[in-house]
$ cat input_0.csv   # CSV, C-alpha atoms and all ligand atoms
chain,number,residue,atom,x,y,z
Z,1,MET,CA,-62.0,-39.1,-28.8
Z,2,ILE,CA,-65.0,-38.9,-31.1
Z,3,SER,CA,-66.5,-35.5,-31.5
Z,4,VAL,CA,-69.5,-34.5,-33.6
Z,5,ARG,CA,-69.7,-30.9,-34.5
Z,6,ASN,CA,-72.7,-29.0,-35.9
Z,7,LEU,CA,-73.6,-32.1,-38.0
Z,8,SER,CA,-76.6,-31.9,-40.2
Z,9,TYR,CA,-77.8,-34.5,-42.7
Z,10,ALA,CA,-80.9,-34.6,-44.9
Z,11,VAL,CA,-82.3,-37.2,-47.3
Z,12,GLY,CA,-84.3,-35.9,-50.2
Z,13,GLY,CA,-84.7,-32.6,-48.5
Z,14,THR,CA,-86.0,-34.1,-45.3
Z,15,PRO,CA,-83.8,-33.3,-42.3
Z,16,ILE,CA,-82.7,-36.4,-40.4
Z,17,LEU,CA,-80.0,-34.9,-38.2
Z,18,SER,CA,-79.9,-31.1,-37.4
Z,19,GLU,CA,-76.9,-29.3,-35.8
Z,20,VAL,CA,-75.8,-32.3,-33.7
Z,21,THR,CA,-72.9,-31.5,-31.4
Z,22,VAL,CA,-71.6,-34.3,-29.1
Z,23,ASP,CA,-68.3,-35.1,-27.4
Z,24,ILE,CA,-68.0,-38.8,-26.6
Z,25,VAL,CA,-66.2,-39.4,-23.3
Z,26,PRO,CA,-63.1,-41.7,-24.1
Z,27,GLY,CA,-63.0,-45.0,-22.3
Z,28,ARG,CA,-66.6,-44.8,-21.1
Z,29,ILE,CA,-70.0,-46.1,-22.3
Z,30,THR,CA,-72.3,-43.5,-23.8
Z,31,ALA,CA,-75.9,-44.6,-24.5
Z,32,LEU,CA,-77.9,-43.0,-27.3
Z,33,ILE,CA,-81.6,-43.0,-26.4
Z,34,GLY,CA,-84.7,-41.5,-27.8
Z,35,PRO,CA,-88.0,-42.3,-29.6
Z,36,ASN,CA,-88.2,-44.4,-32.8
Z,37,GLY,CA,-87.0,-42.3,-35.8
Z,38,ALA,CA,-85.1,-39.8,-33.6
Z,39,GLY,CA,-81.9,-40.3,-35.6
Z,40,LYS,CA,-79.9,-42.5,-33.3
Z,41,SER,CA,-78.8,-45.1,-35.9
Z,42,THR,CA,-78.1,-42.4,-38.4
Z,43,LEU,CA,-75.8,-40.6,-35.9
Z,44,LEU,CA,-74.0,-43.9,-35.2
Z,45,ALA,CA,-73.6,-44.5,-39.0
Z,46,GLN,CA,-72.2,-40.9,-39.3
Z,47,MET,CA,-69.7,-41.7,-36.5
Z,48,ALA,CA,-68.6,-44.8,-38.4
Z,49,ARG,CA,-68.2,-42.9,-41.7
Z,50,LEU,CA,-70.9,-44.9,-43.3
Z,51,LEU,CA,-72.7,-41.7,-44.2
Z,52,ARG,CA,-71.4,-38.2,-45.2
Z,53,PRO,CA,-72.8,-35.2,-43.4
Z,54,ASP,CA,-74.2,-32.2,-45.4
Z,55,THR,CA,-72.6,-29.8,-43.0
Z,56,GLY,CA,-70.5,-30.2,-39.8
Z,57,ASN,CA,-68.3,-33.2,-39.2
Z,58,VAL,CA,-67.2,-36.2,-37.0
Z,59,THR,CA,-63.6,-36.2,-35.8
Z,60,LEU,CA,-61.6,-39.1,-34.3
Z,61,ASP,CA,-58.8,-37.6,-32.2
Z,62,GLY,CA,-59.1,-34.4,-34.1
Z,63,THR,CA,-59.1,-35.8,-37.6
Z,64,ASP,CA,-62.2,-35.8,-39.8
Z,65,VAL,CA,-63.3,-39.4,-40.1
Z,66,HIS,CA,-63.5,-39.0,-43.9
Z,67,GLN,CA,-59.8,-38.1,-43.9
Z,68,VAL,CA,-58.7,-41.2,-41.9
Z,69,PRO,CA,-57.2,-43.9,-44.2
Z,70,THR,CA,-59.7,-46.8,-44.4
Z,71,GLY,CA,-57.3,-49.5,-43.0
Z,72,ASP,CA,-56.5,-47.2,-40.1
Z,73,LEU,CA,-60.2,-46.6,-39.4
Z,74,ALA,CA,-60.9,-50.3,-39.5
Z,75,ARG,CA,-58.3,-51.0,-36.8
Z,76,ARG,CA,-59.6,-48.1,-34.6
Z,77,LEU,CA,-63.4,-48.3,-34.9
Z,78,ALA,CA,-65.9,-51.2,-35.2
Z,79,ILE,CA,-69.6,-51.0,-35.6
Z,80,LEU,CA,-72.5,-53.4,-35.0
Z,81,ARG,CA,-75.4,-52.3,-37.2
Z,82,GLN,CA,-79.0,-53.2,-36.9
Z,83,GLU,CA,-79.1,-54.8,-40.4
Z,84,GLN,CA,-75.9,-56.7,-41.0
Z,85,GLY,CA,-75.5,-59.0,-44.0
Z,86,GLN,CA,-76.4,-62.5,-43.1
Z,87,PRO,CA,-73.5,-64.8,-44.3
Z,88,SER,CA,-74.7,-68.3,-44.8
Z,89,ARG,CA,-72.2,-71.2,-45.0
Z,90,MET,CA,-69.7,-69.9,-42.6
Z,91,THR,CA,-69.0,-71.3,-39.2
Z,92,VAL,CA,-69.2,-69.1,-36.1
Z,93,ARG,CA,-65.4,-69.3,-35.6
Z,94,GLU,CA,-64.8,-68.3,-39.2
Z,95,LEU,CA,-67.1,-65.4,-39.0
Z,96,VAL,CA,-65.8,-64.1,-35.7
Z,97,GLY,CA,-62.3,-64.5,-37.1
Z,98,PHE,CA,-63.2,-62.2,-39.9
Z,99,GLY,CA,-63.2,-59.4,-37.3
Z,100,ARG,CA,-59.4,-59.8,-37.1
Z,101,PHE,CA,-58.8,-59.2,-40.9
Z,102,PRO,CA,-57.9,-55.5,-40.6
Z,103,HIS,CA,-55.1,-56.7,-38.2
Z,104,HIS,CA,-53.7,-59.8,-39.9
Z,105,ARG,CA,-54.7,-59.1,-43.6
Z,106,GLY,CA,-54.8,-62.8,-44.4
Z,107,ARG,CA,-51.8,-63.9,-42.3
Z,108,VAL,CA,-53.5,-65.2,-39.1
Z,109,THR,CA,-51.2,-65.3,-36.0
Z,110,ALA,CA,-51.6,-67.0,-32.7
Z,111,ARG,CA,-52.6,-63.6,-31.3
Z,112,ASP,CA,-55.5,-63.5,-33.7
Z,113,ARG,CA,-56.6,-66.9,-32.6
Z,114,THR,CA,-56.5,-65.9,-29.0
Z,115,HIS,CA,-58.7,-62.9,-29.7
Z,116,VAL,CA,-61.2,-65.2,-31.4
Z,117,ASP,CA,-61.2,-67.7,-28.6
Z,118,THR,CA,-61.6,-64.9,-26.0
Z,119,ALA,CA,-64.5,-63.2,-27.9
Z,120,LEU,CA,-66.3,-66.6,-28.3
Z,121,GLU,CA,-65.9,-67.3,-24.6
Z,122,ARG,CA,-66.9,-63.8,-23.5
Z,123,LEU,CA,-70.2,-64.1,-25.5
Z,124,SER,CA,-70.8,-67.7,-24.3
Z,125,LEU,CA,-70.4,-69.0,-27.8
Z,126,THR,CA,-67.6,-71.6,-27.4
Z,127,GLU,CA,-70.0,-74.5,-27.8
Z,128,PHE,CA,-71.3,-73.0,-31.1
Z,129,ALA,CA,-67.8,-72.4,-32.6
Z,130,GLY,CA,-68.2,-75.1,-35.3
Z,131,ARG,CA,-71.8,-74.4,-36.1
Z,132,TYR,CA,-72.9,-72.7,-39.4
Z,133,PHE,CA,-74.1,-69.2,-38.7
Z,134,ASP,CA,-77.4,-69.7,-40.5
Z,135,THR,CA,-78.3,-72.6,-38.3
Z,136,LEU,CA,-78.3,-70.4,-35.2
Z,137,SER,CA,-81.3,-68.7,-33.5
Z,138,GLY,CA,-81.8,-65.0,-33.7
Z,139,GLY,CA,-80.3,-64.4,-30.3
Z,140,GLN,CA,-77.3,-66.6,-30.9
Z,141,LYS,CA,-76.7,-64.8,-34.2
Z,142,GLN,CA,-76.8,-61.5,-32.4
Z,143,ARG,CA,-74.1,-62.7,-29.9
Z,144,VAL,CA,-71.9,-63.9,-32.8
Z,145,LEU,CA,-72.1,-60.4,-34.4
Z,146,ILE,CA,-71.1,-58.8,-31.1
Z,147,ALA,CA,-68.2,-61.3,-30.7
Z,148,MET,CA,-67.1,-60.3,-34.2
Z,149,VAL,CA,-67.0,-56.6,-33.1
Z,150,LEU,CA,-65.2,-57.4,-29.8
Z,151,CYS,CA,-62.7,-59.5,-31.7
Z,152,GLN,CA,-61.7,-56.5,-33.7
Z,153,ASP,CA,-60.1,-55.0,-30.6
Z,154,THR,CA,-60.7,-51.4,-31.7
Z,155,GLU,CA,-60.4,-48.4,-29.4
Z,156,VAL,CA,-63.9,-47.3,-30.4
Z,157,VAL,CA,-66.9,-49.6,-30.4
Z,158,LEU,CA,-70.3,-48.6,-31.8
Z,159,LEU,CA,-73.3,-50.8,-31.1
Z,160,ASP,CA,-76.8,-50.4,-32.5
Z,161,GLU,CA,-79.3,-52.1,-30.3
Z,162,PRO,CA,-77.0,-55.0,-29.3
Z,163,MET,CA,-79.7,-56.4,-26.9
Z,164,ASN,CA,-82.1,-57.1,-29.8
Z,165,ASN,CA,-83.5,-60.7,-29.8
Z,166,LEU,CA,-81.9,-61.6,-26.5
Z,167,ASP,CA,-83.5,-63.4,-23.5
Z,168,PRO,CA,-82.9,-61.9,-20.1
Z,169,ALA,CA,-79.9,-64.3,-19.4
Z,170,GLN,CA,-78.3,-63.4,-22.7
Z,171,VAL,CA,-78.9,-59.7,-22.1
Z,172,GLN,CA,-76.7,-60.2,-19.0
Z,173,VAL,CA,-74.0,-61.9,-21.0
Z,174,VAL,CA,-73.9,-59.1,-23.6
Z,175,MET,CA,-74.1,-56.4,-20.9
Z,176,GLY,CA,-71.2,-58.1,-19.1
Z,177,ALA,CA,-69.2,-58.1,-22.4
Z,178,VAL,CA,-69.9,-54.5,-23.1
Z,179,ASP,CA,-69.1,-53.5,-19.6
Z,180,HIS,CA,-65.8,-55.4,-19.8
Z,181,MET,CA,-64.9,-53.5,-23.1
Z,182,SER,CA,-65.0,-50.3,-21.2
Z,183,GLN,CA,-64.0,-51.2,-17.6
Z,184,ALA,CA,-61.3,-53.7,-18.3
Z,185,LEU,CA,-60.2,-52.9,-21.9
Z,186,GLY,CA,-60.6,-49.1,-21.7
Z,187,LYS,CA,-62.6,-48.9,-25.0
Z,188,THR,CA,-64.9,-46.0,-25.9
Z,189,VAL,CA,-68.3,-47.5,-26.4
Z,190,VAL,CA,-71.4,-45.8,-28.0
Z,191,VAL,CA,-74.5,-47.9,-27.8
Z,192,VAL,CA,-78.0,-47.3,-29.1
Z,193,LEU,CA,-80.5,-48.6,-26.5
Z,194,HIS,CA,-84.3,-48.6,-26.2
Z,195,ASP,CA,-84.5,-50.2,-22.8
Z,196,LEU,CA,-83.7,-47.3,-20.4
Z,197,ASN,CA,-82.8,-49.8,-17.6
Z,198,HIS,CA,-80.0,-51.2,-19.8
Z,199,ALA,CA,-78.8,-47.6,-20.3
Z,200,ALA,CA,-79.0,-47.1,-16.5
Z,201,GLY,CA,-77.0,-50.4,-15.9
Z,202,LEU,CA,-74.3,-49.8,-18.5
Z,203,ALA,CA,-73.8,-46.2,-19.4
Z,204,SER,CA,-72.0,-43.4,-17.6
Z,205,GLN,CA,-73.2,-40.9,-20.1
Z,206,VAL,CA,-76.4,-40.5,-22.1
Z,207,VAL,CA,-77.2,-38.6,-25.2
Z,208,ALA,CA,-81.0,-38.3,-25.7
Z,209,MET,CA,-82.1,-37.6,-29.3
Z,210,LYS,CA,-85.5,-36.3,-30.5
Z,211,ALA,CA,-86.5,-35.4,-34.0
Z,212,GLY,CA,-82.9,-35.4,-35.3
Z,213,ARG,CA,-81.6,-33.1,-32.6
Z,214,VAL,CA,-79.8,-33.6,-29.3
Z,215,PHE,CA,-82.6,-33.2,-26.7
Z,216,ALA,CA,-80.3,-33.6,-23.7
Z,217,LYS,CA,-76.9,-35.0,-22.8
Z,218,GLY,CA,-74.9,-35.6,-19.7
Z,219,GLU,CA,-74.3,-38.1,-16.9
Z,220,THR,CA,-76.8,-41.0,-16.8
Z,221,ASP,CA,-78.2,-40.1,-13.4
Z,222,ARG,CA,-78.9,-36.5,-14.5
Z,223,ILE,CA,-80.7,-37.5,-17.8
Z,224,LEU,CA,-82.8,-40.5,-16.6
Z,225,ASN,CA,-85.3,-38.5,-14.6
Z,226,ARG,CA,-89.0,-38.5,-14.9
Z,227,PRO,CA,-89.8,-35.0,-16.3
Z,228,LEU,CA,-87.0,-35.2,-18.9
Z,229,LEU,CA,-88.0,-38.7,-20.0
Z,230,GLU,CA,-91.7,-37.7,-20.2
Z,231,ARG,CA,-90.8,-34.8,-22.5
Z,232,LEU,CA,-88.4,-36.9,-24.5
Z,233,TYR,CA,-90.9,-39.7,-25.3
Z,234,ASP,CA,-94.2,-37.9,-24.7
Z,235,ALA,CA,-95.1,-40.8,-22.5
Z,236,ALA,CA,-95.5,-41.4,-18.7
Z,237,PHE,CA,-92.9,-43.0,-16.5
Z,238,ASP,CA,-92.0,-43.6,-12.9
Z,239,VAL,CA,-88.4,-43.4,-12.0
Z,240,LEU,CA,-87.4,-45.4,-8.9
Z,241,ARG,CA,-84.0,-46.0,-7.5
Z,242,HIS,CA,-82.3,-49.4,-6.9
Z,243,ASP,CA,-78.7,-50.1,-6.0
Z,244,GLY,CA,-77.9,-46.4,-6.4
Z,245,ARG,CA,-79.2,-46.2,-10.0
Z,246,PRO,CA,-82.4,-45.2,-11.7
Z,247,ILE,CA,-85.0,-47.9,-12.6
Z,248,VAL,CA,-87.4,-46.6,-15.2
Z,249,VAL,CA,-90.9,-48.0,-15.2
Z,250,PRO,CA,-93.2,-47.1,-18.1
Z,251,LYS,CA,-96.7,-46.3,-16.9
Z,252,ALA,CA,-99.8,-47.9,-18.4
Z,253,GLY,CA,-102.2,-45.6,-20.2
Z,254,ASN,CA,-99.6,-43.0,-21.3
Z,255,ASP,CA,-101.2,-40.5,-18.8
Z,256,VAL,CA,-98.5,-37.9,-19.1
Z,257,SER,CA,-99.7,-34.6,-17.7
Z,258,PRO,CA,-100.1,-31.9,-20.4
Z,259,ALA,CA,-97.6,-29.6,-18.7
Z,260,LEU,CA,-94.9,-32.2,-19.1
Z,261,ASN,CA,-95.4,-32.3,-22.9
Z,262,VAL,CA,-94.1,-28.8,-23.3
Z,263,CYS,CA,-90.5,-28.9,-24.5
Z,264,PRO,CA,-88.2,-26.2,-23.1
J,1,LIG,N1,-82.2,-43.4,-46.4
J,1,LIG,C1,-83.2,-42.8,-45.8
J,1,LIG,N2,-84.2,-42.3,-46.6
J,1,LIG,C2,-85.3,-41.7,-46.0
J,1,LIG,N3,-85.5,-41.5,-44.7
J,1,LIG,C3,-84.5,-42.0,-43.9
J,1,LIG,C4,-83.3,-42.7,-44.4
J,1,LIG,N4,-82.6,-43.1,-43.3
J,1,LIG,C5,-83.2,-42.7,-42.2
J,1,LIG,N5,-84.4,-42.1,-42.5
J,1,LIG,C6,-85.3,-41.5,-41.6
J,1,LIG,O1,-84.6,-40.8,-40.7
J,1,LIG,C7,-85.2,-40.9,-39.4
J,1,LIG,C8,-84.2,-41.3,-38.4
J,1,LIG,O2,-83.9,-42.7,-38.6
J,1,LIG,P1,-83.0,-43.6,-37.6
J,1,LIG,O3,-83.0,-45.0,-38.1
J,1,LIG,O4,-81.7,-42.9,-37.5
J,1,LIG,O5,-83.7,-43.4,-36.3
J,1,LIG,P2,-83.6,-44.2,-34.9
J,1,LIG,O6,-83.6,-43.2,-33.8
J,1,LIG,O7,-82.4,-45.1,-35.0
J,1,LIG,O8,-84.9,-45.0,-34.9
J,1,LIG,P3,-85.3,-46.5,-34.3
J,1,LIG,O9,-85.3,-46.3,-32.8
J,1,LIG,O10,-86.7,-46.7,-34.8
J,1,LIG,O11,-84.3,-47.5,-34.8
J,1,LIG,C9,-86.4,-41.8,-39.5
J,1,LIG,O12,-87.6,-41.0,-39.7
J,1,LIG,C10,-86.1,-42.6,-40.8
J,1,LIG,O13,-87.3,-42.9,-41.4

$ encode --input "input_0.csv" --output "structure tokens" --more "lines below"
Ligand SMILES: Nc1ncnc2c1ncn2[C@@H]1O[C@H](COP(=O)(O)OP(=O)(O)OP(=O)(O)O)[C@@H](O)[C@H]1O
Amino acid sequence: MISVRNLSYAVGGTPILSEVTVDIVPGRITALIGPNGAGKSTLLAQMARLLRPDTGNVTLDGTDVHQVPTGDLARRLAILRQEQGQPSRMTVRELVGFGRFPHHRGRVTARDRTHVDTALERLSLTEFAGRYFDTLSGGQKQRVLIAMVLCQDTEVVLLDEPMNNLDPAQVQVVMGAVDHMSQALGKTVVVVLHDLNHAAGLASQVVAMKAGRVFAKGETDRILNRPLLERLYDAAFDVLRHDGRPIVVPKAGNDVSPALNVCP
């Protein structure tokens, strides 16, 4: 399990995360939501040990992530970042296959190839396997990077805005792949999402961030309600229900009532 305890982090004296405490439910999907600049990507990077907190810590099954040996962490945790390096002359299959490196360390086995094929298929990329990555469209590239994460077969998967650049059909492909990671493969997934309906469709838990702090956390149904969302975003919403889950509709004109702007 990933736990974040009293984590604070500042850059140049400016607080980015303040006293963040979160327990991520193992084997489930947790959505990180909140306004631009709330600290979601920074929190995800802290979970992946890409940043070091000033105070507090992130633990993986009770061990501080900064104490986990690097090879061990690479086999247990994978992250899709918003800004990945853009490799040029590599085919889709080669790139997705890189995700297996922490497992095979240069000696590729049949099992590694199966993982690559499965990831390509799951992200509807089989037809692009021989194409160079830099010849793909933005949405196709995004799916390749997600396939690379899936291929790593880690118990923890961290995804920063995986639905970026995707058309509605490809959103469904990626949502299906992420859902499969949790439902069928039992992985613990933390995903940064801006579209609250993607959060409603995917996540069982939501952590809402605002100004570097945890604003609210809990089961998706409990968090995605109108008063809470209006306070979180300082914007007006309607929240409807469809198929037993919330549908969030932003209202035009941002006519949030003054009373709802008051944070508790
Ligand atoms: N290296 C840095 N130097 C200065 N400020 C930073 C740095 N990294 C992050 N910040 C600031 O910290 C805040 C949180 O950034 P972060 O990217 O975590 O937010 P976010 O919730 O993921 O935002 P978005 O939804 O816009 O992607 C922002 O105000 C950002 O400008």

$ residues_near_point --input "input_0.csv" --point "(-81.8, -60.1, -23.2)" --cutoff "12 Å" --atoms "all atoms listed in the file" --output "list in words"
Gly138, Gly139, Gln140, Gln142, Arg143, Glu161, Pro162, Met163, Asn164, Asn165, Leu166, Asp167, Pro168, Ala169, Gln170, Val171, Gln172, Val173, Val174, Met175, Gly176, Asp195, Asn197 and His198 of chain Z

$ closest_atom_pairs --input "input_0.csv" --of "chain Z" --to "ligand LIG 1 (chain J)" --cutoff "7 Å" --atoms "all atoms listed in the file" --output "JSON lines"
{"residue": "Z:Val11", "atom": "CA", "partner": "J:LIG1", "partner_atom": "N2", "distance": 5.5}
{"residue": "Z:Ile16", "atom": "CA", "partner": "J:LIG1", "partner_atom": "O1", "distance": 4.8}
{"residue": "Z:Gly34", "atom": "CA", "partner": "J:LIG1", "partner_atom": "O6", "distance": 6.3}
{"residue": "Z:Pro35", "atom": "CA", "partner": "J:LIG1", "partner_atom": "O9", "distance": 5.8}
{"residue": "Z:Asn36", "atom": "CA", "partner": "J:LIG1", "partner_atom": "O10", "distance": 3.4}
{"residue": "Z:Gly37", "atom": "CA", "partner": "J:LIG1", "partner_atom": "O5", "distance": 3.5}
{"residue": "Z:Ala38", "atom": "CA", "partner": "J:LIG1", "partner_atom": "O6", "distance": 3.7}
{"residue": "Z:Gly39", "atom": "CA", "partner": "J:LIG1", "partner_atom": "O4", "distance": 3.2}
{"residue": "Z:Lys40", "atom": "CA", "partner": "J:LIG1", "partner_atom": "O6", "distance": 3.8}
{"residue": "Z:Ser41", "atom": "CA", "partner": "J:LIG1", "partner_atom": "O7", "distance": 3.7}
{"residue": "Z:Thr42", "atom": "CA", "partner": "J:LIG1", "partner_atom": "O4", "distance": 3.7}
{"residue": "Z:Leu43", "atom": "CA", "partner": "J:LIG1", "partner_atom": "O4", "distance": 6.5}
{"residue": "Z:Gly212", "atom": "CA", "partner": "J:LIG1", "partner_atom": "C8", "distance": 6.8}

$ closest_residue --input "input_0.csv" --among "Z:Ile79, Z:Ile29, Z:Ala216, Z:Leu44" --to "Val4 in chain Z" --atoms "only C-alpha atoms"
Z:Leu44

$ closest_residue --input "input_0.csv" --among "Z:Ala203, Z:Ile24, Z:Val178, Z:Val92" --to "Leu136 in chain Z" --atoms "only C-alpha atoms"
Z:Val92

$ atom_distance --input "input_0.csv" --atom1 "CA of Met209 in chain Z" --atom2 "CA of Arg81 in chain Z"
18.0 Å

$ atom_distance --input "input_0.csv" --atom1 "CA of Arg111 in chain Z" --atom2 "CA of Val68 in chain Z"
25.5 Å

$ axis_aligned_box --input "input_0.csv" --around "range 89-108 of chain Z" --padding-each-side "6 Å" --output "JSON"
{"center_x": -62.0, "center_y": -63.4, "center_z": -40.3, "size_x": 32.4, "size_y": 27.8, "size_z": 21.4}

$ atom_distance --input "input_0.csv" --atom1 "CA of Val190 in chain Z" --atom2 "CA of Ser137 in chain Z"
25.5 Å

$ closest_residue --input "input_0.csv" --among "Z:Phe128, Z:Pro246, Z:Leu32, Z:Asn225" --to "Asp160 in chain Z" --atoms "only C-alpha atoms"
Z:Leu32

$ closest_residue --input "input_0.csv" --among "Z:Ala45, Z:Ala200, Z:Leu7, Z:Leu240" --to "Leu158 in chain Z" --atoms "only C-alpha atoms"
Z:Ala45

$ residues_around --input "input_0.csv" --residues "Val157 in chain Z" --least-positions-apart "6" --cutoff "6 Å" --atoms "all atoms listed in the file" --output "VMD selection string"
chain Z and resid 77 to 78 189

$ residues_around --input "input_0.csv" --residues "Ser8 in chain Z" --least-positions-apart "4" --cutoff "9 Å" --atoms "all atoms listed in the file" --output "MDAnalysis selection string"
chainID Z and resid 15:20 53:57 212

$ residues_around --input "input_0.csv" --residues "Phe101 in chain Z" --least-positions-apart "3" --cutoff "12 Å" --atoms "all atoms listed in the file" --output "count of residues only"
23

$ closest_residue --input "input_0.csv" --among "Z:Pro69, Z:Arg226, Z:Gly201, Z:Glu83" --to "His242 in chain Z" --atoms "all atoms listed in the file"
Z:Gly201

$ residues_near_point --input "input_0.csv" --point "(-70.4, -64.8, -26.4)" --cutoff "8 Å" --atoms "only C-alpha atoms" --output "ChimeraX atom specification"
/Z:119-126,143-144,146-147,173-174,177

$ closest_residue --input "input_0.csv" --among "Z:Arg89, Z:Ala10, Z:Ala208, Z:Leu185" --to "Arg52 in chain Z" --atoms "all atoms listed in the file"
Z:Ala10

$ build_atoms --input "input_0.csv" --residues "range 181-194 of chain Z" --atoms "N, CA and C atoms" --output "PDB file, keeping the file's coordinate frame"
ATOM      1  N   MET Z 181     -65.619 -54.328 -22.028  1.00  0.00           N
ATOM      2  CA  MET Z 181     -64.900 -53.500 -23.100  1.00  0.00           C
ATOM      3  C   MET Z 181     -64.470 -52.200 -22.491  1.00  0.00           C
ATOM      4  N   SER Z 182     -65.345 -51.583 -21.713  1.00  0.00           N
ATOM      5  CA  SER Z 182     -65.000 -50.300 -21.200  1.00  0.00           C
ATOM      6  C   SER Z 182     -64.180 -50.369 -19.900  1.00  0.00           C
ATOM      7  N   GLN Z 183     -64.665 -51.138 -18.927  1.00  0.00           N
ATOM      8  CA  GLN Z 183     -64.000 -51.200 -17.600  1.00  0.00           C
ATOM      9  C   GLN Z 183     -62.631 -51.801 -17.645  1.00  0.00           C
ATOM     10  N   ALA Z 184     -62.518 -52.955 -18.339  1.00  0.00           N
ATOM     11  CA  ALA Z 184     -61.300 -53.700 -18.300  1.00  0.00           C
ATOM     12  C   ALA Z 184     -60.357 -53.329 -19.494  1.00  0.00           C
ATOM     13  N   LEU Z 185     -60.975 -53.065 -20.652  1.00  0.00           N
ATOM     14  CA  LEU Z 185     -60.200 -52.900 -21.900  1.00  0.00           C
ATOM     15  C   LEU Z 185     -60.037 -51.374 -22.225  1.00  0.00           C
ATOM     16  N   GLY Z 186     -60.768 -50.514 -21.537  1.00  0.00           N
ATOM     17  CA  GLY Z 186     -60.600 -49.100 -21.700  1.00  0.00           C
ATOM     18  C   GLY Z 186     -61.189 -48.558 -23.065  1.00  0.00           C
ATOM     19  N   LYS Z 187     -62.075 -49.343 -23.691  1.00  0.00           N
ATOM     20  CA  LYS Z 187     -62.600 -48.900 -25.000  1.00  0.00           C
ATOM     21  C   LYS Z 187     -63.684 -47.845 -24.819  1.00  0.00           C
ATOM     22  N   THR Z 188     -63.816 -47.043 -25.856  1.00  0.00           N
ATOM     23  CA  THR Z 188     -64.900 -46.000 -25.900  1.00  0.00           C
ATOM     24  C   THR Z 188     -66.063 -46.677 -26.590  1.00  0.00           C
ATOM     25  N   VAL Z 189     -67.182 -46.757 -25.884  1.00  0.00           N
ATOM     26  CA  VAL Z 189     -68.300 -47.500 -26.400  1.00  0.00           C
ATOM     27  C   VAL Z 189     -69.513 -46.487 -26.584  1.00  0.00           C
ATOM     28  N   VAL Z 190     -70.130 -46.515 -27.753  1.00  0.00           N
ATOM     29  CA  VAL Z 190     -71.400 -45.800 -28.000  1.00  0.00           C
ATOM     30  C   VAL Z 190     -72.430 -46.808 -28.335  1.00  0.00           C
ATOM     31  N   VAL Z 191     -73.529 -46.832 -27.587  1.00  0.00           N
ATOM     32  CA  VAL Z 191     -74.500 -47.900 -27.800  1.00  0.00           C
ATOM     33  C   VAL Z 191     -75.921 -47.332 -27.853  1.00  0.00           C
ATOM     34  N   VAL Z 192     -76.627 -47.709 -28.928  1.00  0.00           N
ATOM     35  CA  VAL Z 192     -78.000 -47.300 -29.100  1.00  0.00           C
ATOM     36  C   VAL Z 192     -78.869 -48.288 -28.257  1.00  0.00           C
ATOM     37  N   LEU Z 193     -79.689 -47.752 -27.364  1.00  0.00           N
ATOM     38  CA  LEU Z 193     -80.500 -48.600 -26.500  1.00  0.00           C
ATOM     39  C   LEU Z 193     -81.927 -48.085 -26.419  1.00  0.00           C
ATOM     40  N   HIS Z 194     -82.888 -49.018 -26.440  1.00  0.00           N
ATOM     41  CA  HIS Z 194     -84.300 -48.600 -26.200  1.00  0.00           C
ATOM     42  C   HIS Z 194     -84.679 -48.867 -24.754  1.00  0.00           C
TER      43      HIS Z 194
END
